[in-house]
Structure formats: structure tokens, C-alpha cells
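Visitor: Contents are mmCIF, C-alpha atoms and all ligand atoms; file name target-v2.cif:
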```cif
data_model
#
loop_
_atom_site.label_atom_id
_atom_site.label_comp_id
_atom_site.auth_asym_id
_atom_site.auth_seq_id
_atom_site.Cartn_x
_atom_site.Cartn_y
_atom_site.Cartn_z
CA MET A 1 -14.41 9.99 -26.01
CA LYS A 2 -15.66 6.46 -26.28
CA THR A 3 -12.61 5.64 -28.38
CA LEU A 4 -10.30 7.04 -25.69
CA THR A 5 -11.93 4.78 -23.07
CA ALA A 6 -11.66 1.81 -25.42
CA LEU A 7 -7.98 2.54 -26.01
CA LEU A 8 -7.31 2.85 -22.30
CA LEU A 9 -9.06 -0.45 -21.66
CA LEU A 10 -7.02 -2.14 -24.35
CA ALA A 11 -3.90 -1.02 -22.54
CA VAL A 12 -4.76 -2.85 -19.32
CA ALA A 13 -4.71 -6.58 -18.79
CA ALA A 14 -7.98 -8.29 -19.66
CA HIS A 15 -9.02 -9.06 -16.09
CA ALA A 16 -8.56 -5.48 -14.87
CA ALA A 17 -10.35 -4.24 -18.01
CA ASP A 18 -13.35 -6.46 -17.21
CA LEU A 19 -13.61 -4.95 -13.74
CA ILE A 20 -13.23 -1.42 -15.11
CA GLU A 21 -16.08 -2.14 -17.51
CA HIS A 22 -18.20 -3.76 -14.77
CA ALA A 23 -17.84 -0.64 -12.58
CA ARG A 24 -18.65 1.59 -15.56
CA ALA A 25 -21.77 -0.43 -16.37
CA ASN A 26 -23.01 -0.24 -12.76
CA ALA A 27 -22.68 3.52 -12.41
CA ASP A 28 -25.12 3.86 -9.51
CA GLY A 29 -22.68 1.96 -7.29
CA LYS A 30 -25.23 -0.49 -5.90
CA ALA A 31 -23.67 -3.68 -7.29
CA ALA A 32 -20.67 -5.35 -5.71
CA PHE A 33 -17.37 -3.92 -7.03
CA SER A 34 -18.93 -0.71 -8.33
CA PHE A 35 -19.20 2.91 -7.21
CA ASP A 36 -21.46 5.91 -7.73
CA SER A 37 -19.90 7.65 -10.72
CA ASN A 38 -21.58 10.96 -9.83
CA ALA A 39 -19.69 11.35 -6.57
CA TRP A 40 -17.18 13.84 -8.03
CA SER A 41 -19.54 15.92 -10.20
CA ASP A 42 -19.14 19.01 -8.00
CA ALA A 43 -15.48 20.09 -7.95
CA GLU A 44 -15.93 22.15 -4.78
CA ALA A 45 -17.53 19.22 -2.92
CA THR A 46 -14.77 16.89 -4.12
CA ARG A 47 -12.17 18.82 -2.12
CA HIS A 48 -14.07 18.03 1.07
CA LEU A 49 -13.95 14.28 0.54
CA PRO A 50 -11.56 12.13 2.57
CA ILE A 51 -8.37 10.47 1.28
CA GLY A 52 -8.38 6.70 0.82
CA VAL A 53 -5.43 4.55 1.84
CA PHE A 54 -5.27 0.83 1.19
CA ASP A 55 -2.99 -2.07 1.89
CA SER A 56 -3.22 -5.84 1.81
CA GLY A 57 -3.65 -5.77 5.60
CA ILE A 58 -2.66 -3.74 8.60
CA GLY A 59 0.95 -3.14 7.45
CA GLY A 60 -0.14 -0.06 5.54
CA LEU A 61 -0.93 1.57 8.87
CA THR A 62 2.79 2.49 8.85
CA VAL A 63 1.99 4.65 5.83
CA LEU A 64 -1.08 6.08 7.55
CA GLU A 65 1.10 6.95 10.56
CA ALA A 66 3.41 8.89 8.21
CA LEU A 67 0.39 10.66 6.68
CA LEU A 68 -0.99 11.60 10.07
CA THR A 69 2.33 12.90 11.40
CA LEU A 70 4.11 14.42 8.38
CA ASP A 71 5.31 17.96 8.98
CA ALA A 72 7.53 18.67 6.00
CA PHE A 73 5.72 21.72 4.60
CA HIS A 74 4.38 25.07 5.73
CA ASN A 75 0.64 24.56 5.58
CA ASP A 76 -0.15 28.14 4.59
CA THR A 77 2.56 28.80 1.98
CA LEU A 78 3.05 25.14 0.88
CA GLN A 79 6.81 25.78 1.01
CA PRO A 80 9.10 22.98 2.22
CA GLY A 81 9.96 23.03 5.94
CA ALA A 82 8.27 22.10 9.21
CA ASP A 83 5.79 24.58 10.74
CA GLY A 84 4.81 22.58 13.84
CA GLU A 85 1.43 21.67 12.32
CA PRO A 86 0.87 18.22 10.72
CA ASP A 87 0.63 18.72 6.96
CA PHE A 88 -2.66 16.83 6.65
CA ALA A 89 -4.19 18.22 9.86
CA GLN A 90 -7.43 19.21 8.13
CA GLU A 91 -7.75 16.11 5.98
CA ARG A 92 -9.39 12.86 7.04
CA PHE A 93 -8.44 9.36 5.90
CA ILE A 94 -10.33 6.17 5.14
CA TYR A 95 -8.08 3.16 5.62
CA PHE A 96 -8.81 -0.21 4.07
CA GLY A 97 -6.83 -3.39 4.75
CA ASP A 98 -7.61 -6.40 2.54
CA GLN A 99 -6.72 -8.73 5.39
CA ALA A 100 -8.85 -11.65 4.16
CA ASN A 101 -6.96 -11.87 0.86
CA MET A 102 -3.42 -11.27 2.06
CA PRO A 103 -0.47 -11.87 1.81
CA TYR A 104 -0.42 -10.19 -1.60
CA GLY A 105 3.30 -10.91 -1.77
CA ASN A 106 2.70 -14.63 -2.35
CA TYR A 107 0.31 -14.60 -5.36
CA SER A 108 3.09 -14.30 -7.95
CA ALA A 109 4.82 -17.46 -6.71
CA VAL A 110 1.69 -19.48 -7.61
CA ASN A 111 1.12 -17.66 -10.92
CA ARG A 112 -2.01 -15.90 -9.72
CA THR A 113 -1.03 -12.31 -10.43
CA ASP A 114 -4.12 -12.08 -12.68
CA TYR A 115 -6.35 -12.50 -9.63
CA LEU A 116 -4.08 -10.27 -7.52
CA ARG A 117 -4.38 -7.47 -10.09
CA GLU A 118 -8.14 -7.72 -9.99
CA LEU A 119 -8.08 -7.66 -6.18
CA ILE A 120 -6.03 -4.46 -6.26
CA VAL A 121 -8.46 -2.65 -8.57
CA LYS A 122 -11.30 -3.92 -6.34
CA ASP A 123 -9.57 -2.24 -3.38
CA ALA A 124 -9.62 1.06 -5.26
CA VAL A 125 -13.27 0.56 -6.24
CA PHE A 126 -14.16 -0.01 -2.59
CA LEU A 127 -12.50 3.25 -1.55
CA LEU A 128 -14.21 5.13 -4.37
CA GLY A 129 -17.63 3.75 -3.50
CA ARG A 130 -20.17 4.11 -0.75
CA ARG A 131 -20.79 0.38 -0.37
CA ALA A 132 -19.62 -1.37 2.82
CA TYR A 133 -20.98 -4.02 5.15
CA PRO A 134 -21.97 -3.19 8.73
CA ALA A 135 -20.08 -5.38 11.21
CA ALA A 136 -22.75 -8.01 11.80
CA SER A 137 -24.89 -7.82 8.69
CA THR A 138 -25.29 -9.77 5.49
CA THR A 139 -26.63 -6.71 3.63
CA PRO A 140 -24.38 -3.90 2.40
CA GLN A 141 -25.09 -0.27 3.21
CA TYR A 142 -24.26 2.77 1.13
CA ASP A 143 -23.11 5.34 3.68
CA LYS A 144 -19.34 5.22 3.31
CA PRO A 145 -18.04 8.48 1.79
CA PRO A 146 -16.18 8.28 -1.54
CA VAL A 147 -12.58 9.55 -1.65
CA LYS A 148 -10.72 12.27 -3.57
CA ALA A 149 -7.37 10.48 -3.58
CA ILE A 150 -6.11 6.92 -3.34
CA VAL A 151 -2.84 6.08 -1.63
CA ILE A 152 -1.65 2.58 -2.43
CA ALA A 153 0.15 1.91 0.84
CA CYS A 154 1.15 -1.61 -0.19
CA ASN A 155 4.37 -2.14 -2.14
CA THR A 156 3.14 -5.34 -3.77
CA ALA A 157 -0.15 -3.70 -4.75
CA THR A 158 1.75 -0.74 -6.20
CA ALA A 159 3.99 -3.11 -8.14
CA TYR A 160 1.10 -5.01 -9.71
CA GLY A 161 -1.75 -2.50 -9.67
CA LEU A 162 -0.64 1.14 -9.83
CA GLU A 163 -0.84 1.31 -13.62
CA ASP A 164 -4.19 -0.52 -13.70
CA ILE A 165 -5.69 1.87 -11.15
CA ARG A 166 -4.36 4.94 -12.97
CA LYS A 167 -5.81 3.63 -16.23
CA ALA A 168 -9.09 2.79 -14.51
CA VAL A 169 -9.39 6.30 -13.06
CA ALA A 170 -8.72 7.72 -16.54
CA ALA A 171 -11.27 5.36 -18.13
CA TRP A 172 -13.89 6.30 -15.52
CA LYS A 173 -13.02 9.99 -16.02
CA ILE A 174 -12.97 10.80 -12.33
CA PRO A 175 -10.74 13.50 -10.81
CA VAL A 176 -9.09 11.22 -8.27
CA ILE A 177 -5.36 11.30 -7.49
CA VAL A 178 -3.49 8.02 -7.25
CA VAL A 179 -0.20 7.80 -5.34
CA GLY A 180 1.80 4.61 -4.83
CA VAL A 181 4.59 3.83 -2.39
CA VAL A 182 7.13 2.63 -4.97
CA GLU A 183 7.51 5.87 -6.96
CA ALA A 184 7.69 7.75 -3.68
CA GLY A 185 10.28 5.28 -2.37
CA ALA A 186 12.39 5.76 -5.50
CA ARG A 187 12.19 9.50 -4.97
CA GLY A 188 13.30 8.84 -1.37
CA VAL A 189 16.40 7.09 -2.77
CA LEU A 190 17.11 10.11 -4.96
CA GLU A 191 16.66 12.52 -2.07
CA SER A 192 18.89 10.45 0.24
CA LYS A 193 21.83 11.49 -2.01
CA THR A 194 23.92 8.53 -0.85
CA GLN A 195 26.76 7.03 -2.84
CA GLY A 196 27.23 3.28 -2.83
CA GLY A 197 24.98 0.44 -3.88
CA ILE A 198 21.28 -0.06 -3.23
CA GLY A 199 19.57 -3.05 -1.65
CA VAL A 200 15.82 -3.58 -1.79
CA LEU A 201 14.10 -5.70 0.84
CA ALA A 202 10.51 -6.51 -0.14
CA THR A 203 8.03 -9.36 -0.59
CA VAL A 204 8.68 -12.17 -3.06
CA GLY A 205 6.01 -10.67 -5.35
CA THR A 206 7.39 -7.14 -5.29
CA CYS A 207 10.87 -8.43 -6.11
CA ALA A 208 9.56 -10.71 -8.87
CA SER A 209 7.94 -7.68 -10.52
CA LYS A 210 11.32 -5.84 -10.48
CA VAL A 211 9.35 -2.65 -9.89
CA TYR A 212 11.90 -1.15 -7.48
CA PRO A 213 15.04 -1.58 -9.65
CA ARG A 214 13.09 -0.25 -12.64
CA THR A 215 11.57 2.74 -10.83
CA ILE A 216 14.76 3.64 -8.95
CA ALA A 217 16.74 3.49 -12.22
CA SER A 218 14.26 5.70 -14.07
CA THR A 219 13.98 8.18 -11.18
CA LEU A 220 17.77 8.54 -10.83
CA GLY A 221 18.17 8.58 -14.62
CA ARG A 222 15.61 11.40 -15.03
CA ALA A 223 17.51 13.39 -12.40
CA GLY A 224 20.70 12.97 -14.44
CA GLN A 225 22.33 10.61 -11.95
CA SER A 226 24.11 7.39 -12.73
CA VAL A 227 22.40 4.26 -11.50
CA PRO A 228 24.41 2.24 -8.98
CA LEU A 229 24.21 -1.50 -8.54
CA ILE A 230 20.77 -2.51 -7.22
CA ALA A 231 20.21 -5.91 -5.59
CA GLN A 232 16.98 -7.19 -4.12
CA GLN A 233 15.79 -9.85 -1.73
CA GLY A 234 12.20 -11.09 -1.55
CA SER A 235 11.05 -12.50 1.77
CA ALA A 236 8.09 -14.77 2.36
CA THR A 237 8.53 -14.65 6.13
CA LEU A 238 9.63 -11.28 7.47
CA ALA A 239 6.27 -9.45 7.20
CA GLY A 240 4.48 -12.31 8.97
CA ALA A 241 7.13 -12.46 11.68
CA ILE A 242 6.86 -8.70 12.29
CA GLU A 243 3.09 -9.10 12.65
CA GLY A 244 3.66 -11.81 15.24
CA ASP A 245 2.09 -14.52 13.05
CA ALA A 246 2.39 -17.86 14.87
CA ALA A 247 3.56 -19.49 11.63
CA PHE A 248 6.89 -17.70 12.14
CA PRO A 249 7.94 -18.66 15.67
CA ASP A 250 11.48 -17.21 15.71
CA SER A 251 12.30 -13.64 16.68
CA VAL A 252 12.13 -10.85 14.10
CA ALA A 253 15.92 -10.49 14.49
CA VAL A 254 16.40 -14.08 13.26
CA TYR A 255 14.32 -13.54 10.09
CA ALA A 256 15.94 -10.12 9.55
CA LEU A 257 19.42 -11.65 9.68
CA LYS A 258 18.44 -14.35 7.19
CA GLU A 259 17.09 -11.80 4.69
CA ALA A 260 19.99 -9.37 5.21
CA ARG A 261 22.42 -12.21 4.54
CA SER A 262 20.60 -13.21 1.35
CA LEU A 263 20.55 -9.59 0.17
CA ALA A 264 24.26 -9.17 0.92
CA GLU A 265 24.99 -12.41 -0.96
CA ALA A 266 22.93 -11.28 -3.95
CA TYR A 267 24.79 -7.96 -3.92
CA ARG A 268 28.19 -9.65 -3.62
CA ALA A 269 27.37 -11.96 -6.53
CA GLU A 270 27.23 -8.90 -8.79
CA LYS A 271 30.92 -8.18 -8.00
CA PRO A 272 30.29 -4.65 -6.77
CA SER A 273 32.91 -1.93 -6.87
CA VAL A 274 31.23 0.06 -4.07
CA PRO A 275 29.70 -1.17 -0.80
CA LEU A 276 25.98 -1.63 -0.24
CA GLN A 277 24.83 1.54 1.43
CA THR A 278 21.17 2.33 0.83
CA ILE A 279 18.56 -0.14 2.04
CA VAL A 280 15.04 0.36 0.72
CA LEU A 281 12.41 -0.94 3.14
CA GLY A 282 10.15 -2.01 0.27
CA CYS A 283 7.42 -3.67 2.32
CA THR A 284 4.91 -1.95 4.57
CA HIS A 285 6.04 -3.89 7.63
CA TYR A 286 9.79 -3.43 7.37
CA PRO A 287 10.07 0.10 8.82
CA LEU A 288 8.87 -1.51 12.05
CA ALA A 289 11.95 -3.74 12.00
CA GLN A 290 14.52 -1.19 10.80
CA GLU A 291 16.53 -1.60 13.99
CA GLU A 292 16.72 -5.38 13.66
CA ILE A 293 17.62 -5.09 9.97
CA ASN A 294 20.36 -2.56 10.67
CA THR A 295 21.75 -4.73 13.48
CA ALA A 296 21.74 -7.68 11.07
CA PHE A 297 23.87 -5.78 8.52
CA ALA A 298 26.21 -4.62 11.30
CA ALA A 299 26.64 -8.26 12.38
CA LEU A 300 27.26 -9.41 8.79
CA ARG A 301 29.93 -6.76 8.41
CA GLN A 302 31.91 -8.56 11.12
CA GLU A 303 32.24 -11.50 8.75
CA PRO A 304 35.30 -11.19 6.45
CA ALA A 305 33.21 -12.19 3.43
CA PHE A 306 30.99 -9.13 3.81
CA ARG A 307 33.27 -6.53 5.42
CA ASP A 308 34.10 -4.70 2.21
CA ILE A 309 30.75 -4.99 0.53
CA ILE A 310 28.55 -3.54 3.30
CA ALA A 311 28.98 0.16 4.13
CA GLU A 312 29.85 1.03 7.70
CA GLN A 313 26.97 3.51 7.89
CA ARG A 314 23.81 2.49 6.10
CA THR A 315 20.97 4.74 4.95
CA PHE A 316 17.44 3.43 5.20
CA VAL A 317 14.75 4.63 2.83
CA ASN A 318 11.25 4.36 4.25
CA PRO A 319 8.83 4.82 1.33
CA ALA A 320 6.03 5.66 3.79
CA GLU A 321 7.46 9.11 4.54
CA ALA A 322 8.23 9.76 0.89
CA THR A 323 4.64 8.76 0.04
CA ALA A 324 3.24 11.29 2.49
CA ARG A 325 5.33 14.06 0.89
CA GLU A 326 4.25 12.93 -2.58
CA LEU A 327 0.57 13.03 -1.61
CA PHE A 328 0.95 16.55 -0.22
CA ARG A 329 2.51 17.77 -3.46
CA GLU A 330 -0.07 16.00 -5.63
CA LEU A 331 -3.04 17.34 -3.65
CA ALA A 332 -1.65 20.87 -3.82
CA LYS A 333 -0.97 20.55 -7.56
CA SER A 334 -4.52 19.37 -8.26
CA ARG A 335 -6.00 21.98 -5.91
CA LEU A 336 -7.66 19.21 -3.93
CA ARG A 337 -6.13 20.18 -0.59
CA LEU A 338 -8.52 21.57 2.00
CA LYS A 339 -7.90 25.28 2.52
CA PRO A 340 -7.34 26.75 6.00
CA GLY A 341 -10.61 26.71 7.92
CA GLU A 342 -12.22 24.11 5.64
CA THR A 343 -13.24 20.69 6.90
CA CYS A 344 -13.70 17.20 5.53
CA VAL A 345 -17.16 15.63 5.24
CA ILE A 346 -16.21 13.24 8.03
CA ASP A 347 -14.99 14.38 11.47
CA GLN A 348 -12.93 11.27 12.19
CA GLY A 349 -10.95 8.86 10.08
CA LEU A 350 -12.64 5.57 9.16
CA PHE A 351 -11.10 2.10 9.11
CA TYR A 352 -12.25 -0.99 7.21
CA LEU A 353 -10.95 -4.52 6.94
CA SER A 354 -11.98 -7.39 4.67
CA VAL A 355 -13.25 -10.60 6.29
CA PRO A 356 -14.49 -13.85 4.72
CA ARG A 357 -18.13 -13.55 3.64
CA VAL A 358 -19.12 -16.90 5.06
CA GLU A 359 -22.60 -16.80 3.54
CA GLU A 360 -21.19 -16.98 -0.01
CA VAL A 361 -21.81 -20.40 -1.54
CA GLY A 362 -18.61 -22.24 -2.46
CA ILE A 363 -16.29 -20.35 -0.14
CA GLN A 364 -13.72 -22.52 1.68
CA LEU A 365 -12.46 -21.65 5.15
CA SER A 366 -9.63 -22.96 7.29
CA GLY A 367 -9.93 -23.96 10.95
CA ASP A 368 -9.36 -20.44 12.27
CA GLY A 369 -12.12 -18.96 10.08
CA SER A 370 -9.83 -17.35 7.49
CA LEU A 371 -9.95 -18.21 3.78
CA ASP A 372 -8.44 -21.62 3.13
CA LYS A 373 -4.94 -21.14 1.74
CA ASP A 374 -5.33 -23.41 -1.32
CA TYR A 375 -8.73 -21.90 -2.06
CA LYS A 376 -7.35 -18.36 -1.68
CA TYR A 377 -4.56 -18.85 -4.20
CA SER A 378 -6.57 -20.76 -6.79
CA ARG A 379 -9.26 -18.17 -7.52
CA SER A 380 -9.63 -16.64 -10.95
CA PRO A 381 -10.74 -13.15 -12.00
CA GLY A 382 -13.98 -12.06 -13.66
CA HIS A 383 -16.67 -13.18 -11.17
CA PHE A 384 -18.30 -9.95 -10.10
CA ASP A 385 -21.44 -11.56 -8.71
CA PHE A 386 -19.34 -13.63 -6.32
CA GLU A 387 -18.26 -11.98 -3.05
CA ASP A 388 -16.24 -14.32 -0.88
CA THR A 389 -14.97 -11.46 1.27
CA LYS A 390 -16.73 -8.36 2.55
CA ASN A 391 -15.40 -5.07 3.84
CA VAL A 392 -16.52 -4.21 7.36
CA PRO A 393 -15.58 -1.53 9.91
CA LEU A 394 -12.33 -2.37 11.63
CA THR A 395 -12.98 -3.08 15.30
CA PRO A 396 -10.32 -4.04 17.88
CA GLU A 397 -11.51 -7.68 17.84
CA LEU A 398 -10.68 -7.92 14.13
CA ILE A 399 -7.03 -6.99 14.64
CA PRO A 400 -4.94 -9.99 15.69
CA ALA A 401 -3.64 -9.41 19.24
CA ASN A 402 0.02 -9.19 18.18
CA SER A 403 -0.78 -6.67 15.47
CA ALA A 404 -2.85 -4.59 17.87
CA LYS A 405 0.11 -4.50 20.25
CA LEU A 406 2.36 -3.43 17.40
CA VAL A 407 0.02 -0.61 16.36
CA LYS A 408 -0.40 0.57 19.92
CA GLU A 409 3.32 0.66 20.64
CA ARG A 410 4.74 1.76 17.31
CA LEU A 411 2.03 3.73 15.52
CA PRO A 412 0.65 6.07 18.19
CA ALA A 413 -1.11 8.52 15.83
CA VAL A 414 -2.95 5.64 14.14
CA TRP A 415 -3.83 4.12 17.51
CA LYS A 416 -5.29 7.42 18.63
CA SER A 417 -7.18 7.82 15.38
CA LEU A 418 -8.64 4.31 15.86
CA GLY A 419 -10.23 5.83 18.95
CA ARG A 420 -8.23 3.75 21.45
N1 LIG B 1 1.70 -4.98 2.34
C1 LIG B 1 2.60 -5.86 1.63
C2 LIG B 1 3.69 -5.03 0.94
O1 LIG B 1 3.97 -3.90 1.29
C3 LIG B 1 3.21 -6.89 2.55
C4 LIG B 1 2.25 -7.93 3.03
C5 LIG B 1 1.68 -8.83 1.92
O2 LIG B 1 2.42 -9.59 1.28
O3 LIG B 1 0.47 -8.73 1.72
O4 LIG B 1 4.29 -5.51 0.01
#
```
Can the structure in the file be given as C-alpha cells, please?
Guide:
Amino acid sequence: MKTLTALLLLAVAAHAADLIEHARANADGKAAFSFDSNAWSDAEATRHLPIGVFDSGIGGLTVLEALLTLDAFHNDTLQPGADGEPDFAQERFIYFGDQANMPYGNYSAVNRTDYLRELIVKDAVFLLGRRAYPAASTTPQYDKPPVKAIVIACNTATAYGLEDIRKAVAAWKIPVIVVGVVEAGARGVLESKTQGGIGVLATVGTCASKVYPRTIASTLGRAGQSVPLIAQQGSATLAGAIEGDAAFPDSVAVYALKEARSLAEAYRAEKPSVPLQTIVLGCTHYPLAQEEINTAFAALRQEPAFRDIIAEQRTFVNPAEATARELFRELAKSRLRLKPGETCVIDQGLFYLSVPRVEEVGIQLSGDGSLDKDYKYSRSPGHFDFEDTKNVPLTPELIPANSAKLVKERLPAVWKSLGR
């Protein structure tokens, strides 16, 4: 067995392997970046644990909204089809947004994917563990419930960390399901059954990893379908603009048009024989701007240069919905779904967000109290006794005003679940 663990560790990048080993060596879950390895020893009790969902920030709440509202199956027979009852009605979710360390999409551009990959496994470790900081305390507590499944709601985190987390879960020998948005999104492309070419809009990091073209090609290939032309466009601005970040002062429509144009140009450069028809919204935030993105493509189509290469009707693939369906299937397959009448160990969903841990020596902050940008992107992996961020309960004051407005208006089930 030891050999199997060693082999698994060899298969992951050194930095993730170090963290996997650190968590294994601290099996009581008291140390930072560790979890109680006994939490899943009783299979019956495991089913009653909540489901963990994480993202680099609040964007993943779009995925949580899909999880809270999905009605694509009959809850009693598990057969496809709506039954008027949300599919996860009995389940409870713990959401974690690594707000202090985001944007994840920009680590690759400064060659810091090693640190990003460690951050992503740390996110999973947090969800697995009981350790969290109370809002106004410098001492962690150990009352957060562990989870039975991890949903990586972030496209960039799925691109860089899905394999590491799956290998970690195997190395730790814990019966926890791991679902990522990219595989689900690729399945969404397959299920959309559209002809024509595919365009992926995502962060710079997600595009640099080429995870979408690769996963879409393998998903279509496995289903015996030919793989159409796939172009992608990585944006460093659109997610921030959708969140209402002051660094991006123009309207979302302006940034959407810029990215749509770049995607159409990238597609055209491949000399396509069919028009671009399927647009994958490969970033947590983009489903919130689907209208603006669609309007942008419609406007581009009025330009002679793009008329023939953009389809008149476009199909949007929102990986959030596909992820919710994937989780349902995976839970049912592993017999981890709560049965009718059963309840989760927590009554209400829980929400956590990372914030700078200002008491850590050596941490560098910017004027607004967030991690200094240069400091943030120059960190290196392997320092498990150093906590420059801490995960605290998400309270309304911690959500930037623009983001709170967005959640309230566009993600009503999440807003309700936040207790607002
Ligand atoms: N959540 C990220 C994603 O889906 C977008 C924001 C970020 O770059 O952190 O790729």
C-alpha cells in the first residue's frame, strides 16, 4: 500500500506532493493545511456530510446557484427529467472562495503555476478539514464539518489542480468525490449537439493550460464524434469587470466586445470551413454576462469580415449546469447521496472566504488591505508553517459591494442561502 502511495506521489508535481505528504503527516488535522484523516471512517456517517464547493473567489457562486436549483432528475428514481423538486434539496453545501489569493487566472502569466497548484490543493484540504478561523480571532477553531465531495467551481483551478486533487484523494485513501467544471463543460458541449466550430472564453491561465480544447476533443472523440475547430480567448479583464472591480471602469459590454472580437479573430485565423457556433463560458463569471457576450457576437456579425465565420444563432455552454448534473450522477454512483428522509449534519449551508492574515510576519499588504500584488505573485510553494491568509466565515461586509449586488440580483438561491 505504501508503494501505491509513493507511486501516486511521484505522479504529481513536487510542490503538490509536498503538501499531500504534509497533510498525511499531520493526520489529526490540527496543523495548518491538514485535516482529520479519520473523518470518513464510518461509511454511513460519510453520506451525511455536506458537499464542498470552492472557487478562487465569489465567481463560483454561479456554480453553487446551479447546484441549489438543478432539477434535471427524478429524486426518487434517479431517472433524467424534472420532478419539481431541486435535485440536491436534502444536501447542504460548504462554499469556499479564495478571495485573498485571486485572480487565479493571472498566475500562469508570471510563471507561478507551481504556487497556484499548491493553493488549489490547499483549498481542497480546507474543505476536507475542520480547521477555520472565527471572524475576529487569531486562533483557529476545529468545528467546521468535513465534506464528502469536492466541486472545483473554478475553471482555472480545475485546469491546474483537478489531477493533483484526485491524486491527493487517492494518496490519502479517503472516499471523497472530486468533480471539476471543465470535464462537465466538455460534456455540456457534447450534449449541446451543435454543428459548427467551438469558441472558448476563459481566463488567460485556463487558456494557457489548453485544458478546454484537450478535454472537449477527448470527450467528443470518446463519443465517436469528429472534433470541430476549437479557438480560445483568454481575458485578463472580463471577470474583474463583471465583478464591478474599479480597475475596469468601462461597461461589461465593452470588455465583452473586445474579447468576442479577439475570439472571432483567432477563429478566423484558422481558416474555418464552418462558422463559430458554440461558445463555452469557461470562467465562473461569464454566465453572468452571457447576454452582453451574445450581443457582442451579433454586433460583430454585422461586420463583413466576420459575417460568414460567426453563426447566426449561437449556443452557449454554461459548465455550471453541466457540473451540477455531473455531481448528481457521481454521488448516486458512489452511493453518497442522502436518501429520502435523511438529513445532512448541518441544517444550513456554510460560506467561507480567505482574507489576509495580517498577523503573519513578512506579509505585504496594499493600501486597501488586500495582499500586495507583487507579493502575491512572487510566493513559492512548500512553506506549511506560514499562513499569510486565513479562511473565515463569509459575512456581508467581506463581499465587495458590487459583488454583493450581483449575487443579490442574479443568484437568488445563493442569496437566500446566505441568509439575506
Ligand atoms: N474563477 C476563475 C475561473 O473560473 C476566474 C477568476 C480568477 O481568475 O480567479 O477561471
Visitor: Name the closest residue to Glu312 of chain A among the candidates A:Gly196, A:Gly382, A:Pro80, A:Gly188; distances are taken between atoms, counting all atoms listed in the file.
Guide: A:Gly196
Visitor: For a cut-off of 10 Å around (-15.8, -5.1, 10.7), file coordinates, pick out all residues using only C-alpha atoms and list them as a list of chain:residue names.
Guide: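 Result, sorted by chain then residue number: A:Ala132, A:Tyr133, A:Pro134, A:Ala135, A:Ala136, A:Ser137, A:Phe351, A:Tyr352, A:Leu353, A:Ser354, A:Val355, A:Lys390, A:Asn391, A:Val392, A:Pro393, A:Leu394, A:Thr395, A:Pro396, A:Glu397, A:Leu398, A:Ile399.
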Visitor: Residues within 7 Å of ligand LIG 1 (chain B), counting all atoms listed in the file: report them as a list in words.
Guide: Asp55, Ser56, Gly57, Gly59, Gly60, Met102, Pro103, Tyr104, Gly105, Asn106, Ala153, Cys154, Asn155, Thr156, Ala157, Ala202, Thr203, Thr206, Ala239, Gly282, Cys283, Thr284 and His285 of chain A
Visitor: Determine the nearest neighbour of Trp415 of chain A from the options A:Leu162, A:Ile150, A:Ala208, A:Gly349, counting all atoms listed in the file.
Guide: A:Gly349
Visitor: Distance atom CA of Leu327 of chain A-atom CA of Thr215 of chain A, one decimal place?
Guide: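 Atom CA of Thr215 of chain A lies 17.7 Å from atom CA of Leu327 of chain A.
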Visitor: Looking at A:Val178, A:Ala269, A:Ala31, A:Leu406, which one is nearest to Glu243 of chain A, with distances taken over all atoms listed in the file?
Guide: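 With all atoms listed in the file as the atom set, the closest residue is A:Leu406.
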Visitor: Please identify all polymer residues within 8 Å of Gln364 of chain A, counting all atoms listed in the file, omitting same-chain residues fewer than 6 positions from it, and present them as a list in words.
Guide: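 My list of contacting residues is Leu371, Asp372 and Tyr375 of chain A.
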Visitor: May I have the residues from that selection written out with C-alpha atoms, as a PDB file, keeping the file's coordinate frame?
Guide:
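After the write, again18.pdb holds the following:
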```
ATOM      1  CA  LEU A 371      -9.950 -18.210   3.780  1.00  0.00           C
ATOM      2  CA  ASP A 372      -8.440 -21.620   3.130  1.00  0.00           C
ATOM      3  CA  TYR A 375      -8.730 -21.900  -2.060  1.00  0.00           C
TER       4      TYR A 375
END
```
Visitor: Measuring between all atoms listed in the file, which one of A:Ser218, A:Thr295, A:Ser108, A:Asn318 shows the shortest distance to Val200 of chain A?
Guide: A:Asn318
Visitor: Please measure the separation of atom CA of Phe33 of chain A and atom CA of Leu49 of chain A, giving the value in Å to one decimal.
Guide: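 Atom-to-atom, atom CA of Phe33 of chain A to atom CA of Leu49 of chain A, that is 20.0 Å.
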Visitor: Any chance you could build segment 81-85 of chain A out to all heavy atoms and write it as a PDB file, keeping the file's coordinate frame?
Guide:
```pdb
ATOM      1  N   GLY A  81       9.514  22.657   4.592  1.00  0.00           N
ATOM      2  CA  GLY A  81       9.960  23.030   5.940  1.00  0.00           C
ATOM      3  C   GLY A  81       8.854  22.791   6.950  1.00  0.00           C
ATOM      4  O   GLY A  81       7.676  22.948   6.638  1.00  0.00           O
ATOM      5  N   ALA A  82       9.260  22.392   8.160  1.00  0.00           N
ATOM      6  CA  ALA A  82       8.270  22.100   9.210  1.00  0.00           C
ATOM      7  C   ALA A  82       7.694  23.400   9.775  1.00  0.00           C
ATOM      8  O   ALA A  82       8.400  24.394   9.891  1.00  0.00           O
ATOM      9  CB  ALA A  82       8.937  21.301  10.315  1.00  0.00           C
ATOM     10  N   ASP A  83       6.399  23.394  10.112  1.00  0.00           N
ATOM     11  CA  ASP A  83       5.790  24.580  10.740  1.00  0.00           C
ATOM     12  C   ASP A  83       5.106  24.213  12.060  1.00  0.00           C
ATOM     13  O   ASP A  83       4.353  25.004  12.623  1.00  0.00           O
ATOM     14  CB  ASP A  83       4.796  25.253   9.801  1.00  0.00           C
ATOM     15  CG  ASP A  83       3.621  24.349   9.452  1.00  0.00           C
ATOM     16  OD1 ASP A  83       3.615  23.181   9.907  1.00  0.00           O
ATOM     17  OD2 ASP A  83       2.702  24.795   8.741  1.00  0.00           O
ATOM     18  N   GLY A  84       5.371  22.990  12.550  1.00  0.00           N
ATOM     19  CA  GLY A  84       4.810  22.580  13.840  1.00  0.00           C
ATOM     20  C   GLY A  84       3.376  22.087  13.739  1.00  0.00           C
ATOM     21  O   GLY A  84       2.785  21.672  14.740  1.00  0.00           O
ATOM     22  N   GLU A  85       2.830  22.094  12.527  1.00  0.00           N
ATOM     23  CA  GLU A  85       1.430  21.670  12.320  1.00  0.00           C
ATOM     24  C   GLU A  85       1.462  20.485  11.341  1.00  0.00           C
ATOM     25  O   GLU A  85       2.051  20.598  10.251  1.00  0.00           O
ATOM     26  CB  GLU A  85       0.680  22.850  11.702  1.00  0.00           C
ATOM     27  CG  GLU A  85      -0.763  22.597  11.315  1.00  0.00           C
ATOM     28  CD  GLU A  85      -1.714  22.712  12.493  1.00  0.00           C
ATOM     29  OE1 GLU A  85      -1.248  22.965  13.638  1.00  0.00           O
ATOM     30  OE2 GLU A  85      -2.899  22.522  12.271  1.00  0.00           O
TER      31      GLU A  85
END
```
